[in-house]
file input_24.cif (mmCIF, C-alpha atoms)
data_my_file
loop_
_atom_site.group_PDB
_atom_site.id
_atom_site.type_symbol
_atom_site.label_atom_id
_atom_site.label_comp_id
_atom_site.auth_asym_id
_atom_site.auth_seq_id
_atom_site.Cartn_x
_atom_site.Cartn_y
_atom_site.Cartn_z
ATOM 1 C CA MET A 1 -18.246 -3.034 19.616
ATOM 2 C CA LYS A 2 -15.948 -0.458 21.236
ATOM 3 C CA GLU A 3 -16.971 3.101 20.437
ATOM 4 C CA ILE A 4 -14.501 5.984 20.614
ATOM 5 C CA ASP A 5 -15.371 9.676 20.560
ATOM 6 C CA VAL A 6 -12.342 11.199 18.813
ATOM 7 C CA ASN A 7 -12.850 14.466 20.683
ATOM 8 C CA SER A 8 -12.628 12.803 24.091
ATOM 9 C CA ILE A 9 -9.174 11.227 23.747
ATOM 10 C CA SER A 10 -5.697 12.687 23.443
ATOM 11 C CA THR A 11 -4.001 13.278 20.093
ATOM 12 C CA LYS A 12 -1.453 10.596 20.997
ATOM 13 C CA GLU A 13 -4.199 8.035 21.638
ATOM 14 C CA LEU A 14 -5.997 8.999 18.415
ATOM 15 C CA TYR A 15 -2.740 8.643 16.497
ATOM 16 C CA GLN A 16 -2.294 5.117 17.846
ATOM 17 C CA TYR A 17 -5.832 4.058 16.937
ATOM 18 C CA LEU A 18 -5.625 5.467 13.407
ATOM 19 C CA THR A 19 -2.132 4.238 12.518
ATOM 20 C CA SER A 20 -2.726 0.809 14.057
ATOM 21 C CA SER A 21 -5.977 0.254 12.163
ATOM 22 C CA ILE A 22 -5.305 1.860 8.764
ATOM 23 C CA THR A 23 -2.705 -0.710 7.723
ATOM 24 C CA PRO A 24 -0.625 -1.726 5.919
ATOM 25 C CA ARG A 25 0.600 1.582 4.517
ATOM 26 C CA PRO A 26 3.339 2.020 1.884
ATOM 27 C CA ILE A 27 6.303 4.157 2.875
ATOM 28 C CA ALA A 28 7.492 7.171 0.895
ATOM 29 C CA LEU A 29 11.166 7.986 1.375
ATOM 30 C CA VAL A 30 11.173 11.656 0.379
ATOM 31 C CA SER A 31 14.245 13.547 -0.796
ATOM 32 C CA THR A 32 14.081 17.358 -0.780
ATOM 33 C CA VAL A 33 16.382 20.391 -0.803
ATOM 34 C CA ASP A 34 16.042 23.845 0.715
ATOM 35 C CA LYS A 35 16.664 27.082 -1.191
ATOM 36 C CA GLU A 36 20.401 26.826 -0.368
ATOM 37 C CA GLY A 37 20.545 23.315 -1.837
ATOM 38 C CA ASN A 38 20.894 21.443 1.478
ATOM 39 C CA SER A 39 19.531 17.903 1.257
ATOM 40 C CA ASN A 40 16.945 16.267 3.485
ATOM 41 C CA LEU A 41 15.678 12.697 3.499
ATOM 42 C CA SER A 42 12.717 11.480 5.538
ATOM 43 C CA PRO A 43 10.115 8.661 5.428
ATOM 44 C CA PHE A 44 6.331 9.113 5.508
ATOM 45 C CA SER A 45 3.710 6.378 5.707
ATOM 46 C CA PHE A 46 0.765 8.706 5.041
ATOM 47 C CA PHE A 47 1.309 8.114 1.325
ATOM 48 C CA ASN A 48 -0.274 6.674 -1.819
ATOM 49 C CA VAL A 49 -1.019 7.114 -5.548
ATOM 50 C CA PHE A 50 -4.188 9.071 -6.368
ATOM 51 C CA SER A 51 -4.244 9.585 -10.136
ATOM 52 C CA ILE A 52 -2.815 7.972 -13.266
ATOM 53 C CA LYS A 53 -3.273 10.755 -15.849
ATOM 54 C CA PRO A 54 -1.858 13.027 -14.598
ATOM 55 C CA PRO A 55 0.282 10.741 -12.400
ATOM 56 C CA ILE A 56 -0.262 12.055 -8.873
ATOM 57 C CA LEU A 57 1.306 10.886 -5.615
ATOM 58 C CA ILE A 58 0.322 12.387 -2.269
ATOM 59 C CA PHE A 59 2.088 12.185 1.068
ATOM 60 C CA SER A 60 1.472 14.064 4.290
ATOM 61 C CA PRO A 61 4.060 15.296 6.777
ATOM 62 C CA VAL A 62 2.203 15.565 10.085
ATOM 63 C CA ASN A 63 3.055 18.376 12.493
ATOM 64 C CA ARG A 64 4.880 16.972 15.495
ATOM 65 C CA VAL A 65 2.380 16.085 18.223
ATOM 66 C CA ARG A 66 4.666 17.027 21.107
ATOM 67 C CA ASP A 67 5.359 20.650 20.115
ATOM 68 C CA ASN A 68 3.366 21.337 16.904
ATOM 69 C CA THR A 69 6.527 22.023 14.869
ATOM 70 C CA ARG A 70 6.773 21.342 11.134
ATOM 71 C CA LYS A 71 8.972 18.691 9.547
ATOM 72 C CA ASP A 72 12.059 19.806 7.586
ATOM 73 C CA THR A 73 10.591 18.130 4.507
ATOM 74 C CA LEU A 74 7.583 20.447 4.601
ATOM 75 C CA ASN A 75 9.786 23.489 5.132
ATOM 76 C CA ASN A 76 11.991 22.497 2.177
ATOM 77 C CA ILE A 77 9.079 21.819 -0.170
ATOM 78 C CA THR A 78 7.629 25.217 0.699
ATOM 79 C CA GLN A 79 10.910 26.743 -0.553
ATOM 80 C CA VAL A 80 11.654 24.401 -3.491
ATOM 81 C CA LYS A 81 8.517 22.774 -4.852
ATOM 82 C CA GLU A 82 10.178 19.555 -5.984
ATOM 83 C CA CYS A 83 10.879 16.179 -4.412
ATOM 84 C CA VAL A 84 11.947 12.624 -5.080
ATOM 85 C CA ILE A 85 9.624 9.976 -3.660
ATOM 86 C CA ALA A 86 11.408 6.634 -3.338
ATOM 87 C CA LEU A 87 10.029 3.261 -2.274
ATOM 88 C CA VAL A 88 11.299 1.250 0.682
ATOM 89 C CA ASN A 89 12.164 -2.432 0.479
ATOM 90 C CA GLN A 90 13.476 -4.893 3.043
ATOM 91 C CA ASN A 91 17.124 -4.177 2.213
ATOM 92 C CA ILE A 92 16.939 -0.525 3.274
ATOM 93 C CA ALA A 93 14.216 -0.596 5.961
ATOM 94 C CA GLN A 94 16.625 -0.175 8.880
ATOM 95 C CA GLN A 95 18.410 2.709 7.159
ATOM 96 C CA VAL A 96 15.056 4.373 6.478
ATOM 97 C CA SER A 97 14.144 4.033 10.149
ATOM 98 C CA LEU A 98 17.414 5.735 11.057
ATOM 99 C CA ALA A 99 16.673 8.553 8.586
ATOM 100 C CA SER A 100 13.442 9.255 10.514
ATOM 101 C CA SER A 101 15.472 10.434 13.521
ATOM 102 C CA GLY A 102 15.046 14.056 14.503
ATOM 103 C CA TYR A 103 18.241 15.387 12.968
ATOM 104 C CA SER A 104 18.630 19.143 12.700
ATOM 105 C CA ALA A 105 17.879 20.880 9.424
ATOM 106 C CA ASP A 106 21.567 21.348 8.632
ATOM 107 C CA GLU A 107 22.360 17.629 8.893
ATOM 108 C CA ASP A 108 22.184 15.441 5.782
ATOM 109 C CA GLU A 109 20.193 12.221 6.328
ATOM 110 C CA PHE A 110 21.813 10.738 3.213
ATOM 111 C CA LYS A 111 25.069 10.665 5.176
ATOM 112 C CA LYS A 112 23.513 9.806 8.535
ATOM 113 C CA ALA A 113 21.622 6.795 7.145
ATOM 114 C CA GLY A 114 24.257 5.713 4.617
ATOM 115 C CA PHE A 115 22.358 6.396 1.401
ATOM 116 C CA SER A 116 23.944 7.302 -1.948
ATOM 117 C CA LYS A 117 22.898 10.351 -3.957
ATOM 118 C CA ILE A 118 22.218 10.223 -7.688
ATOM 119 C CA LYS A 119 21.559 13.427 -9.608
ATOM 120 C CA ALA A 120 17.967 13.591 -10.843
ATOM 121 C CA THR A 121 17.071 14.355 -14.453
ATOM 122 C CA CYS A 122 14.421 17.077 -14.084
ATOM 123 C CA ILE A 123 14.606 18.391 -10.527
ATOM 124 C CA GLN A 124 17.053 19.497 -7.844
ATOM 125 C CA PRO A 125 16.531 16.870 -5.089
ATOM 126 C CA TYR A 126 18.595 13.693 -5.376
ATOM 127 C CA LEU A 127 17.513 10.162 -6.226
ATOM 128 C CA ILE A 128 18.265 7.431 -3.676
ATOM 129 C CA LYS A 129 20.502 4.831 -5.318
ATOM 130 C CA GLU A 130 19.554 2.051 -2.904
ATOM 131 C CA SER A 131 15.788 2.384 -3.467
ATOM 132 C CA PRO A 132 14.174 0.027 -6.024
ATOM 133 C CA VAL A 133 11.927 2.775 -7.459
ATOM 134 C CA ASN A 134 12.392 6.565 -7.518
ATOM 135 C CA PHE A 135 9.802 9.105 -8.690
ATOM 136 C CA GLU A 136 10.926 12.589 -9.714
ATOM 137 C CA CYS A 137 8.081 14.915 -8.768
ATOM 138 C CA ARG A 138 6.941 18.489 -9.092
ATOM 139 C CA VAL A 139 4.907 19.702 -6.124
ATOM 140 C CA ASN A 140 1.605 21.054 -7.416
ATOM 141 C CA THR A 141 -0.200 21.880 -4.180
ATOM 142 C CA ILE A 142 0.420 22.038 -0.438
ATOM 143 C CA THR A 143 -2.754 21.857 1.642
ATOM 144 C CA GLU A 144 -2.601 22.412 5.393
ATOM 145 C CA LEU A 145 -5.266 20.336 7.169
ATOM 146 C CA GLY A 146 -5.031 22.102 10.525
ATOM 147 C CA ASP A 147 -2.839 24.096 12.855
ATOM 148 C CA HIS A 148 -2.460 21.644 15.734
ATOM 149 C CA GLY A 149 0.108 19.048 16.703
ATOM 150 C CA GLY A 150 -0.860 16.020 14.619
ATOM 151 C CA SER A 151 -2.334 18.083 11.773
ATOM 152 C CA GLY A 152 -1.400 16.826 8.326
ATOM 153 C CA ASN A 153 -0.146 18.723 5.304
ATOM 154 C CA LEU A 154 -1.102 17.183 1.965
ATOM 155 C CA ILE A 155 1.744 17.380 -0.544
ATOM 156 C CA ILE A 156 0.231 16.759 -3.983
ATOM 157 C CA CYS A 157 3.026 15.720 -6.338
ATOM 158 C CA GLU A 158 2.992 15.196 -10.097
ATOM 159 C CA VAL A 159 5.376 12.500 -11.312
ATOM 160 C CA LEU A 160 7.737 13.692 -14.048
ATOM 161 C CA LYS A 161 10.002 10.643 -14.366
ATOM 162 C CA ILE A 162 10.206 7.155 -12.889
ATOM 163 C CA HIS A 163 13.474 5.304 -12.246
ATOM 164 C CA ILE A 164 13.179 1.527 -11.734
ATOM 165 C CA ASN A 165 15.933 -0.889 -10.782
ATOM 166 C CA GLU A 166 15.808 -3.574 -13.494
ATOM 167 C CA ASN A 167 16.520 -6.283 -10.912
ATOM 168 C CA ILE A 168 12.921 -6.060 -9.680
ATOM 169 C CA LEU A 169 11.375 -6.733 -13.112
ATOM 170 C CA ASP A 170 10.016 -10.065 -14.314
ATOM 171 C CA GLU A 171 10.610 -11.595 -17.753
ATOM 172 C CA GLN A 172 7.797 -9.472 -19.247
ATOM 173 C CA GLY A 173 9.311 -6.255 -17.912
ATOM 174 C CA ASN A 174 6.681 -5.817 -15.207
ATOM 175 C CA ILE A 175 7.436 -5.164 -11.543
ATOM 176 C CA ASP A 176 7.552 -8.451 -9.642
ATOM 177 C CA PRO A 177 6.112 -7.866 -6.137
ATOM 178 C CA LEU A 178 8.390 -10.505 -4.618
ATOM 179 C CA LYS A 179 11.491 -8.967 -6.198
ATOM 180 C CA LEU A 180 10.317 -5.492 -5.196
ATOM 181 C CA ASP A 181 10.146 -6.811 -1.620
ATOM 182 C CA ILE A 182 8.315 -3.708 -0.415
ATOM 183 C CA VAL A 183 8.023 -2.930 3.288
ATOM 184 C CA SER A 184 4.742 -1.647 4.732
ATOM 185 C CA ARG A 185 4.064 0.342 7.886
ATOM 186 C CA LEU A 186 1.755 -0.919 10.599
ATOM 187 C CA GLY A 187 1.048 0.518 14.054
ATOM 188 C CA SER A 188 3.584 1.198 16.811
ATOM 189 C CA ASN A 189 6.911 -0.473 15.933
ATOM 190 C CA TRP A 190 5.382 -3.001 13.539
ATOM 191 C CA TYR A 191 6.264 -3.344 9.839
ATOM 192 C CA GLY A 192 5.105 -5.767 7.159
ATOM 193 C CA LYS A 193 7.154 -7.836 4.696
ATOM 194 C CA THR A 194 6.243 -8.969 1.198
ATOM 195 C CA ASN A 195 6.705 -12.689 0.656
ATOM 196 C CA GLU A 196 4.897 -15.684 -0.832
ATOM 197 C CA ASN A 197 2.982 -16.210 2.419
ATOM 198 C CA SER A 198 1.791 -12.609 2.726
ATOM 199 C CA ILE A 199 0.501 -11.940 -0.801
ATOM 200 C CA TYR A 200 -1.999 -13.690 -3.063
ATOM 201 C CA LYS A 201 -4.024 -12.991 -6.182
ATOM 202 C CA ILE A 202 -7.686 -12.078 -6.519
ATOM 203 C CA ILE A 203 -8.774 -11.913 -10.144
ATOM 204 C CA LYS A 204 -10.809 -8.735 -10.494
ATOM 205 C CA PRO A 205 -14.024 -9.031 -12.570
ATOM 206 C CA ILE A 206 -13.174 -5.935 -14.613
ATOM 207 C CA SER A 207 -14.178 -7.401 -17.994
ATOM 208 C CA ARG A 208 -17.328 -9.052 -16.689
ATOM 209 C CA ILE A 209 -20.078 -8.492 -14.160
ATOM 210 C CA GLY A 210 -20.577 -11.311 -11.665
ATOM 211 C CA ILE A 211 -24.045 -12.604 -10.826
ATOM 212 C CA GLY A 212 -23.625 -11.429 -7.212
ATOM 213 C CA ILE A 213 -24.082 -13.349 -3.978
ATOM 214 C CA ASP A 214 -27.781 -12.445 -3.887
ATOM 215 C CA ASN A 215 -28.348 -14.493 -7.062
ATOM 216 C CA LEU A 216 -26.748 -17.702 -5.792
ATOM 217 C CA PRO A 217 -29.093 -20.678 -5.378
ATOM 218 C CA LYS A 218 -30.629 -20.780 -1.889
ATOM 219 C CA ASP A 219 -28.967 -24.113 -1.155
ATOM 220 C CA ILE A 220 -25.559 -22.462 -1.608
ATOM 221 C CA LEU A 221 -26.457 -19.085 -0.101
ATOM 222 C CA THR A 222 -27.575 -20.655 3.202
ATOM 223 C CA SER A 223 -24.526 -22.897 3.555
ATOM 224 C CA ASN A 224 -22.967 -23.296 7.004
ATOM 225 C CA ILE A 225 -19.723 -24.467 5.416
ATOM 226 C CA LEU A 226 -19.023 -21.980 2.621
ATOM 227 C CA SER A 227 -17.667 -18.639 3.851
ATOM 228 C CA GLY A 228 -18.479 -15.190 2.540
ATOM 229 C CA SER A 229 -15.226 -15.309 0.595
ATOM 230 C CA ASP A 230 -16.206 -18.655 -0.951
ATOM 231 C CA LEU A 231 -19.604 -17.286 -1.940
ATOM 232 C CA ALA A 232 -18.011 -14.195 -3.524
ATOM 233 C CA ILE A 233 -15.756 -16.393 -5.668
ATOM 234 C CA LEU A 234 -18.726 -18.475 -6.802
ATOM 235 C CA ALA A 235 -20.736 -15.305 -7.497
ATOM 236 C CA SER A 236 -18.019 -13.779 -9.709
ATOM 237 C CA ILE A 237 -19.153 -15.721 -12.777
ATOM 238 C CA GLU A 238 -21.491 -14.154 -15.328
ATOM 239 C CA SER A 239 -24.029 -16.988 -15.212
ATOM 240 C CA ILE A 240 -24.548 -20.222 -13.336
ATOM 241 C CA PRO A 241 -22.989 -23.018 -15.398
ATOM 242 C CA ASN A 242 -24.890 -26.011 -16.706
ATOM 243 C CA LYS A 243 -24.378 -29.373 -15.046
ATOM 244 C CA LYS A 244 -22.116 -31.655 -17.043
ATOM 245 C CA ASN A 245 -23.170 -35.280 -17.367
ATOM 246 C CA ASP A 246 -21.384 -37.541 -14.935
ATOM 247 C CA ASN A 247 -21.810 -40.892 -13.233
ATOM 248 C CA THR A 248 -20.570 -39.906 -9.780
ATOM 249 C CA ILE A 249 -22.267 -41.182 -6.642
ATOM 250 C CA PRO A 250 -24.659 -38.537 -5.231
ATOM 251 C CA LEU A 251 -23.269 -36.679 -2.211
ATOM 252 C CA LYS A 252 -25.062 -35.276 0.791
ATOM 253 C CA ARG A 253 -25.349 -31.464 1.008
ATOM 254 C CA GLU A 254 -22.638 -31.140 3.664
ATOM 255 C CA GLU A 255 -20.309 -33.372 1.667
ATOM 256 C CA LYS A 256 -20.882 -31.315 -1.484
ATOM 257 C CA HIS A 257 -20.173 -28.054 0.286
ATOM 258 C CA THR A 258 -17.074 -29.399 2.018
ATOM 259 C CA LEU A 259 -15.640 -30.692 -1.240
ATOM 260 C CA ALA A 260 -16.550 -27.465 -3.055
ATOM 261 C CA LYS A 261 -14.812 -25.422 -0.369
ATOM 262 C CA LYS A 262 -11.605 -27.423 -0.868
ATOM 263 C CA LEU A 263 -11.786 -26.917 -4.638
ATOM 264 C CA ILE A 264 -12.337 -23.174 -4.235
ATOM 265 C CA ALA A 265 -9.264 -22.998 -1.974
ATOM 266 C CA LYS A 266 -7.259 -24.564 -4.810
ATOM 267 C CA GLY A 267 -8.528 -22.003 -7.319
ATOM 268 C CA LYS A 268 -10.917 -24.461 -8.985
ATOM 269 C CA ALA A 269 -14.156 -22.508 -8.779
ATOM 270 C CA MET A 270 -15.722 -24.000 -11.908
ATOM 271 C CA GLU A 271 -15.087 -27.521 -10.621
ATOM 272 C CA ALA A 272 -16.681 -26.465 -7.337
ATOM 273 C CA TRP A 273 -19.743 -25.320 -9.256
ATOM 274 C CA GLN A 274 -20.060 -28.755 -10.849
ATOM 275 C CA ILE A 275 -20.142 -30.301 -7.396
ATOM 276 C CA LEU A 276 -22.735 -27.827 -6.124
ATOM 277 C CA ILE A 277 -25.271 -27.828 -8.985
#
call {"tool": "encode", "arguments": {"input": "input_24.cif", "output": "structure tokens"}}
result
Amino acid sequence: MKEIDVNSISTKELYQYLTSSITPRPIALVSTVDKEGNSNLSPFSFFNVFSIKPPILIFSPVNRVRDNTRKDTLNNITQVKECVIALVNQNIAQQVSLASSGYSADEDEFKKAGFSKIKATCIQPYLIKESPVNFECRVNTITELGDHGGSGNLIICEVLKIHINENILDEQGNIDPLKLDIVSRLGSNWYGKTNENSIYKIIKPISRIGIGIDNLPKDILTSNILSGSDLAILASIESIPNKKNDNTIPLKREEKHTLAKKLIAKGKAMEAWQILI
């Protein structure tokens, strides 16, 4: 295993290791204004949701590595503690990339990147019409994490209102991840898409406690065919099921495990159990 002492490499190298490994990351397209009302728009992939009640989003503008200067977004939020955090989908990804260019503080990225302004309900910064989801936020706290190039600045934002494009909702009124079509940030110049081949469901055992892999029968636990993922699916049940009566021809251990693995891949864990017990 490669070992890296973070104090022995350059900030640029450390940035590449961190941003290439901590992936995928959602992108916050942040709209702010300065005290004169001048607009700024910039994307940040150091971003996520951190609380539901109160609803808290956090993003972090990192000081520029090359000259340790602060981003215009951070300067604006220091003056006017409000922002709009919008999400980025495939339709606007190229425009968002353009908005990340190092325009001067007096240039409006809405115009440069071809985005449309919509007046917000509670705050001064503008919503982004083209984004599928906009969050109107009040900035609660700004925490500087250092004073070097590459140092982050945590912007802790409380969501006041959410604006959702109805075209991304399913029939039940929930956000459909395929319609949302969110774009994620990887390392270097890489981005991720959301499609049927890149997402899948894992049913979380919130309402039950699984037996755990350590309580699987030894014959299953020591399998050379079933993977750790297969074992975790089998171990998510609350108790090992009873064998149902059947008249099938007995299978060898390897045959049982191979067939069970195929059933698990099809989402038929309980049928797999009947093969294994």
call {"tool": "residues_around", "arguments": {"input": "input_24.cif", "residues": "stretch 172-184 of chain A", "least_positions_apart": "5", "cutoff": "9 Å", "atoms": "all atoms listed in the file", "output": "list in words"}}
result
Thr23, Pro24, Arg25, Pro26, Ile27, Ser45, Leu87, Val88, Asn89, Gln90, Asn91, Ala93, Pro132, Val133, Ile164, Glu166, Asn167, Trp190, Tyr191, Gly192, Lys193, Thr194, Asn195, Glu196 and Ile199 of chain A
call {"tool": "residues_around", "arguments": {"input": "input_24.cif", "residues": "A:Ser100", "least_positions_apart": "4", "cutoff": "8 Å", "atoms": "only C-alpha atoms", "output": "tab-separated table (two decimals) with C-alpha atoms, keeping the file's coordinate frame"}}
result
chain	number	residue	atom	x	y	z
A	42	SER	CA	12.72	11.48	5.54
A	43	PRO	CA	10.12	8.66	5.43
A	96	VAL	CA	15.06	4.37	6.48
call {"tool": "closest_atom_pairs", "arguments": {"input": "input_24.cif", "of": "stretch 9-77 of chain A", "to": "stretch 150-162 of chain A", "cutoff": "8 Å", "atoms": "all atoms listed in the file", "output": "CSV"}}
result
residue,atom,partner,partner_atom,distance
A:Thr11,CA,A:Gly150,CA,6.9
A:Tyr15,CA,A:Gly150,CA,7.8
A:Pro54,CA,A:Glu158,CA,7.0
A:Pro55,CA,A:Val159,CA,5.5
A:Ile56,CA,A:Glu158,CA,4.7
A:Leu57,CA,A:Cys157,CA,5.2
A:Ile58,CA,A:Ile156,CA,4.7
A:Phe59,CA,A:Ile155,CA,5.5
A:Ser60,CA,A:Leu154,CA,4.7
A:Pro61,CA,A:Asn153,CA,5.6
A:Val62,CA,A:Gly152,CA,4.2
A:Asn63,CA,A:Gly150,CA,5.0
A:Arg64,CA,A:Gly150,CA,5.9
A:Val65,CA,A:Gly150,CA,4.8
A:Asn68,CA,A:Gly150,CA,7.2
A:Leu74,CA,A:Asn153,CA,8.0
call {"tool": "atom_distance", "arguments": {"input": "input_24.cif", "atom1": "atom CA of A:Gly114", "atom2": "atom CA of A:Ala99"}}
result
9.0 Å
call {"tool": "closest_residue", "arguments": {"input": "input_24.cif", "among": "A:Phe110, A:Ile142, A:Lys129, A:Phe50", "to": "A:Asn76", "atoms": "only C-alpha atoms"}}
result
A:Ile142
call {"tool": "resolve_selection", "arguments": {"input": "input_24.cif", "expression": "the PyMOL selection byres ((chain A and resi 37-39) around 12)", "output": "PyMOL selection string"}}
result
chain A and resi 30-36+40-42+72-73+75-77+79-80+82-84+104-112+115-117+119+123-128
call {"tool": "resolve_selection", "arguments": {"input": "input_24.cif", "expression": "the PyMOL selection byres ((chain A and resi 265) around 12)", "output": "MDAnalysis selection string"}}
result
chainID A and resid 200 202 226:227 229:231 233:234 258:264 266:272
call {"tool": "closest_residue", "arguments": {"input": "input_24.cif", "among": "A:Ala113, A:Ile85, A:Ile277, A:Ala232", "to": "A:Arg138", "atoms": "only C-alpha atoms"}}
result
A:Ile85
call {"tool": "resolve_selection", "arguments": {"input": "input_24.cif", "expression": "the PyMOL selection byres ((chain A and resi 207-223) around 7)", "output": "list of chain:residue names"}}
result
A:Pro205, A:Ile206, A:Asn224, A:Ile225, A:Leu226, A:Leu231, A:Ala232, A:Ala235, A:Ser236, A:Ile237, A:Glu238, A:Ser239
call {"tool": "closest_residue", "arguments": {"input": "input_24.cif", "among": "A:Gln94, A:Cys122, A:Ile203, A:Gly228", "to": "A:Cys137", "atoms": "all atoms listed in the file"}}
result
A:Cys122
call {"tool": "build_atoms", "arguments": {"input": "input_24.cif", "residues": "stretch 148-162 of chain A", "atoms": "N, CA, C and O atoms", "output": "PDB file, in the frame of the given file"}}
result
ATOM      1  N   HIS A 148      -2.741  22.273  14.448  1.00  0.00           N
ATOM      2  CA  HIS A 148      -2.460  21.644  15.734  1.00  0.00           C
ATOM      3  C   HIS A 148      -1.332  20.623  15.589  1.00  0.00           C
ATOM      4  O   HIS A 148      -0.984  20.218  14.482  1.00  0.00           O
ATOM      5  N   GLY A 149      -0.786  20.191  16.729  1.00  0.00           N
ATOM      6  CA  GLY A 149       0.108  19.048  16.703  1.00  0.00           C
ATOM      7  C   GLY A 149      -0.664  17.836  16.213  1.00  0.00           C
ATOM      8  O   GLY A 149      -1.749  17.549  16.712  1.00  0.00           O
ATOM      9  N   GLY A 150      -0.141  17.140  15.220  1.00  0.00           N
ATOM     10  CA  GLY A 150      -0.860  16.020  14.619  1.00  0.00           C
ATOM     11  C   GLY A 150      -1.607  16.383  13.355  1.00  0.00           C
ATOM     12  O   GLY A 150      -2.141  15.505  12.673  1.00  0.00           O
ATOM     13  N   SER A 151      -1.666  17.673  13.015  1.00  0.00           N
ATOM     14  CA  SER A 151      -2.334  18.083  11.773  1.00  0.00           C
ATOM     15  C   SER A 151      -1.470  17.710  10.574  1.00  0.00           C
ATOM     16  O   SER A 151      -0.260  17.891  10.584  1.00  0.00           O
ATOM     17  N   GLY A 152      -2.117  17.217   9.527  1.00  0.00           N
ATOM     18  CA  GLY A 152      -1.400  16.826   8.326  1.00  0.00           C
ATOM     19  C   GLY A 152      -1.257  17.966   7.340  1.00  0.00           C
ATOM     20  O   GLY A 152      -1.917  19.010   7.447  1.00  0.00           O
ATOM     21  N   ASN A 153      -0.370  17.765   6.385  1.00  0.00           N
ATOM     22  CA  ASN A 153      -0.146  18.723   5.304  1.00  0.00           C
ATOM     23  C   ASN A 153      -0.047  17.934   4.001  1.00  0.00           C
ATOM     24  O   ASN A 153       0.956  17.252   3.761  1.00  0.00           O
ATOM     25  N   LEU A 154      -1.079  17.974   3.190  1.00  0.00           N
ATOM     26  CA  LEU A 154      -1.102  17.183   1.965  1.00  0.00           C
ATOM     27  C   LEU A 154      -0.153  17.780   0.934  1.00  0.00           C
ATOM     28  O   LEU A 154      -0.311  18.930   0.523  1.00  0.00           O
ATOM     29  N   ILE A 155       0.815  16.973   0.504  1.00  0.00           N
ATOM     30  CA  ILE A 155       1.744  17.380  -0.544  1.00  0.00           C
ATOM     31  C   ILE A 155       1.337  16.646  -1.815  1.00  0.00           C
ATOM     32  O   ILE A 155       1.538  15.432  -1.942  1.00  0.00           O
ATOM     33  N   ILE A 156       0.721  17.363  -2.739  1.00  0.00           N
ATOM     34  CA  ILE A 156       0.231  16.759  -3.983  1.00  0.00           C
ATOM     35  C   ILE A 156       1.323  16.889  -5.040  1.00  0.00           C
ATOM     36  O   ILE A 156       1.683  17.995  -5.445  1.00  0.00           O
ATOM     37  N   CYS A 157       1.850  15.752  -5.469  1.00  0.00           N
ATOM     38  CA  CYS A 157       3.026  15.720  -6.338  1.00  0.00           C
ATOM     39  C   CYS A 157       2.688  15.118  -7.693  1.00  0.00           C
ATOM     40  O   CYS A 157       2.023  14.079  -7.764  1.00  0.00           O
ATOM     41  N   GLU A 158       3.166  15.739  -8.748  1.00  0.00           N
ATOM     42  CA  GLU A 158       2.992  15.196 -10.097  1.00  0.00           C
ATOM     43  C   GLU A 158       4.297  14.530 -10.531  1.00  0.00           C
ATOM     44  O   GLU A 158       5.361  15.148 -10.504  1.00  0.00           O
ATOM     45  N   VAL A 159       4.191  13.273 -10.918  1.00  0.00           N
ATOM     46  CA  VAL A 159       5.376  12.500 -11.312  1.00  0.00           C
ATOM     47  C   VAL A 159       5.847  12.952 -12.689  1.00  0.00           C
ATOM     48  O   VAL A 159       5.075  12.988 -13.652  1.00  0.00           O
ATOM     49  N   LEU A 160       7.138  13.282 -12.782  1.00  0.00           N
ATOM     50  CA  LEU A 160       7.737  13.692 -14.048  1.00  0.00           C
ATOM     51  C   LEU A 160       8.528  12.563 -14.689  1.00  0.00           C
ATOM     52  O   LEU A 160       8.503  12.391 -15.901  1.00  0.00           O
ATOM     53  N   LYS A 161       9.226  11.787 -13.860  1.00  0.00           N
ATOM     54  CA  LYS A 161      10.002  10.643 -14.366  1.00  0.00           C
ATOM     55  C   LYS A 161      10.032   9.550 -13.306  1.00  0.00           C
ATOM     56  O   LYS A 161       9.981   9.829 -12.107  1.00  0.00           O
ATOM     57  N   ILE A 162      10.125   8.314 -13.777  1.00  0.00           N
ATOM     58  CA  ILE A 162      10.206   7.155 -12.889  1.00  0.00           C
ATOM     59  C   ILE A 162      11.517   6.425 -13.173  1.00  0.00           C
ATOM     60  O   ILE A 162      11.857   6.186 -14.327  1.00  0.00           O
TER      61      ILE A 162
END
